[in-house]
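What follows is a short report on a single structure.
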Amino acid sequence: MTAVTETRPATRSPKAFAAVAAIVVLFLAASSAPSPLYVVYQRQWGFSSSVLTLVFAIYVVGLLGSLLVVGALSDHVGRRPVLASAILLEALSLGVFLVAGDVTVLCVARFLQGVATGAATTTLGATLVDLNPPHRPGRAGAVNGIAPATGLALGALGCGALVEYAPAPTHLVYAVLLAGMVIAGIVILAMPEPAQRRPGALASLRPRVGVPSHLRTEVLTVVPVLIATWALGGLYLSLGPSVAAELFGLRNHLVGGLVVTLLCGSAALSAFVLRKQPATRLLGPSAATLAAGTLVTLGGMLAGSAVLGGVGTAVAGAGFGAAMLACFGTFGRIAAPHERGKLFAVAYVIAYLAFSVPAVAAGFASAAAGLTGTAEVYGLGVAVLAGVALLARRRVPSPVG
């Protein structure tokens, strides 16, 4: 394994590290905030489930395109310019959400948000590794595992609460997030650049995905778990609130947000508890826990038991968090500074393909075959995939170091 070159110690401010971690949470909260609002938009504007799936797909198109084009840009021009641009674009998308009055404008907002999120997530992940305290070498991997799940949970919960109990449900949440983005922009502009600039910025914009040959073995050990984890996340963020309403009769908007929060909150708690464990020890147990929790949730759906479904979701969330910790801990450990942006871009391309493609297919399938059957088949597929990941992990020798 190539040794990871040290970045300049002067840039490793604990305050900067904490601020970047908070910005990760903010971006992921913004990305999940629209989920509890979709049912409100449907009721106000009268569009079908297929149109809702289109809105979801447009977000992912923008996000994946951004990852492919600018995923490695921060390795060349520095982290701050890319982050500042992503924050500005995210703020613009939130402004469009605020004025959205139909599906077309909603699609524009989600596309812009996807582009901004794609540019931000890979760069924020690399920045955390750049700023990682020398005396706590595993902290960046832990935060990269904990912060996204925390953001998804807070975004869904906060938006669900505002939609149910606050005025202007389709506006207030975006105003709050916009204020957060303004603060984030100020923080990034005040932060010293943590990465060394390198030539080749224009060449890095060519859409391509690749892993350096000396990293491929270790990356391949985590890919099956990464796919299973994000496929489960796609199920909950796309169909979770609808499943709660239709299958369990839970139509409160806060409860709809709690469905996502239970999964992602359990994931964040799990990642925090396990943060000191070596990443290689977590891959197998995380896949097993993910599969078991998903199967218990399916049992709850078949039995019509919201309690059993909630228990299964919490167990699956624990596997989700352990898997995130294992995957991003591995990526942070093996990548040299000039490889970090590119490697995190690859990781998020894989993750969001797993997150989006099955969820989009499920959205169209639910319109034709019904929500119940679609959710059950999707959940069973995730459980099988997690089982495959567990078997694959057992066949691959653990890396040394």
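Just so we're on the same page: first chain in the structure tokens is A, next is B, and so on; residues restart at 1 for each chain, and ligands are numbered from 1 in the order they show up.
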
Next item on the list: Using only C-alpha atoms, determine which residues lie at most 12 Å from range 157-163 of chain A, disregarding the query and same-chain residues fewer than 4 positions distant; provide the list as a ChimeraX atom specification.
Entry: /A:26,29-41,150-153,167-177,237,241,251-265

Closest contacts (range 255-344 of chain A/range 61-79 of chain A, max 9 Å, only C-alpha atoms) as a tab-separated table:
residue	atom	partner	partner_atom	distance
A:Pro337	CA	A:Asp75	CA	7.8
A:His338	CA	A:Asp75	CA	5.6
A:Glu339	CA	A:Asp75	CA	7.2
A:Arg340	CA	A:Asp75	CA	7.2
A:Gly341	CA	A:Ala72	CA	4.7
A:Lys342	CA	A:Ala72	CA	4.4
A:Leu343	CA	A:Ala72	CA	8.1
A:Phe344	CA	A:Gly71	CA	7.7

Margin query: I need the residues in range 128-331 of chain A that are alpha helix (DSSP H) according to DSSP; give them as a PyMOL selection string.
Written below: chain A and resi 128-130+139-165+172-190+201-204+216-246+253-273+279-303+306-331

What lies within 8 Å of Val222 in chain A using only C-alpha atoms, ignoring chain neighbours under 2 positions off, as a short mmCIF file (atom, residue, chain, number, x, y, z; two decimals) with N, CA, C and O atoms, in the first residue's frame?
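Dumped to out_14.cif:
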data_model
loop_
_atom_site.label_atom_id
_atom_site.label_comp_id
_atom_site.auth_asym_id
_atom_site.auth_seq_id
_atom_site.Cartn_x
_atom_site.Cartn_y
_atom_site.Cartn_z
N GLU A 218 -8.09 -3.57 -2.02
CA GLU A 218 -8.77 -3.13 -0.80
C GLU A 218 -10.10 -2.45 -1.11
O GLU A 218 -11.07 -2.57 -0.35
N VAL A 219 -10.18 -1.73 -2.23
CA VAL A 219 -11.45 -1.11 -2.61
C VAL A 219 -12.50 -2.18 -2.93
O VAL A 219 -13.65 -2.08 -2.50
N LEU A 220 -12.09 -3.22 -3.64
CA LEU A 220 -13.03 -4.26 -4.02
C LEU A 220 -13.59 -5.01 -2.81
O LEU A 220 -14.70 -5.54 -2.87
N PRO A 224 -19.08 -4.51 -2.28
CA PRO A 224 -20.39 -5.15 -2.08
C PRO A 224 -21.16 -4.61 -0.88
O PRO A 224 -22.39 -4.42 -0.95
N VAL A 225 -20.47 -4.33 0.22
CA VAL A 225 -21.14 -3.77 1.39
C VAL A 225 -21.62 -2.35 1.11
O VAL A 225 -22.72 -1.95 1.52
N LEU A 226 -20.81 -1.59 0.38
CA LEU A 226 -21.18 -0.22 0.02
C LEU A 226 -22.47 -0.21 -0.81
O LEU A 226 -23.38 0.59 -0.57
N LEU A 283 -16.49 -4.99 8.30
CA LEU A 283 -17.13 -5.27 7.02
C LEU A 283 -18.07 -6.46 7.10
O LEU A 283 -19.22 -6.39 6.66
N ALA A 326 -16.84 1.31 8.00
CA ALA A 326 -15.87 0.40 7.41
C ALA A 326 -15.42 0.88 6.03
O ALA A 326 -14.22 0.90 5.72
N CYS A 327 -16.38 1.29 5.21
CA CYS A 327 -16.05 1.68 3.84
C CYS A 327 -15.22 2.95 3.80
O CYS A 327 -14.13 2.99 3.20
N ARG A 393 -16.92 -11.13 1.34
CA ARG A 393 -15.93 -10.66 2.30
C ARG A 393 -15.16 -11.84 2.90
O ARG A 393 -13.96 -11.76 3.12
#

Check: Which residues, written as number ranges by chain, have at least one atom at most 10 Å from range 352-360 of chain A, with only C-alpha atoms counted and residues fewer than 3 positions away on the same chain left out?
Finding: A: 50, 52-57, 59-61, 63-64, 67, 118, 226-239, 347-349, 363-366, 375, 378, 381-382

Item checked: Shortest interatomic distance to Leu380 in chain A - which of A:Val311, A:Gly293, A:Ala201, A:Met324, counting only C-alpha atoms -> A:Gly293

Next item on the list: Using only C-alpha atoms, pick whichever of A:Tyr165, A:Val346, A:Lys276, A:Ala142 has the shortest atom-to-atom distance to Pro207 in chain A.
Entry: A:Val346

Check: Can you tell me, as JSON, numbers by chain, what residues are no more than 12 Å from Ala140 in chain A when counting only C-alpha atoms, ignoring any on the same chain fewer than 2 positions away?
Finding: {"A": [12, 14, 17, 18, 20, 21, 24, 124, 125, 126, 127, 128, 129, 130, 131, 132, 133, 134, 135, 136, 137, 138, 142, 143, 144, 145, 146, 147, 275, 276, 325, 326, 328, 329, 330, 331, 332, 333]}

Check: How many Å lie between CA of Ala271 in chain A and CA of Gly321 in chain A, rounded to one decimal?
Finding: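 Value for the CA of Ala271 in chain A-CA of Gly321 in chain A distance: 4.7 Å.
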
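Using only C-alpha atoms, the nearest neighbour of Ala367 in chain A within the list A:Gly387, A:Gly317, A:Ser48, A:Leu298 is A:Ser48.
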
Margin query: Which residues are near Arg80 in chain A? Cut-off 8 Å, only C-alpha atoms, ignore same chain within fewer than 6 positions. Put them as an NGL selection string.
Written below: :A and (74 or 188-189 or 191 or 193)

Next item on the list: Go through A:Leu391, A:Ala336, A:Ala22, A:Gly155 and flag the residue nearest Pro212 in chain A, using only C-alpha atoms for the distances.
Entry: A:Ala336
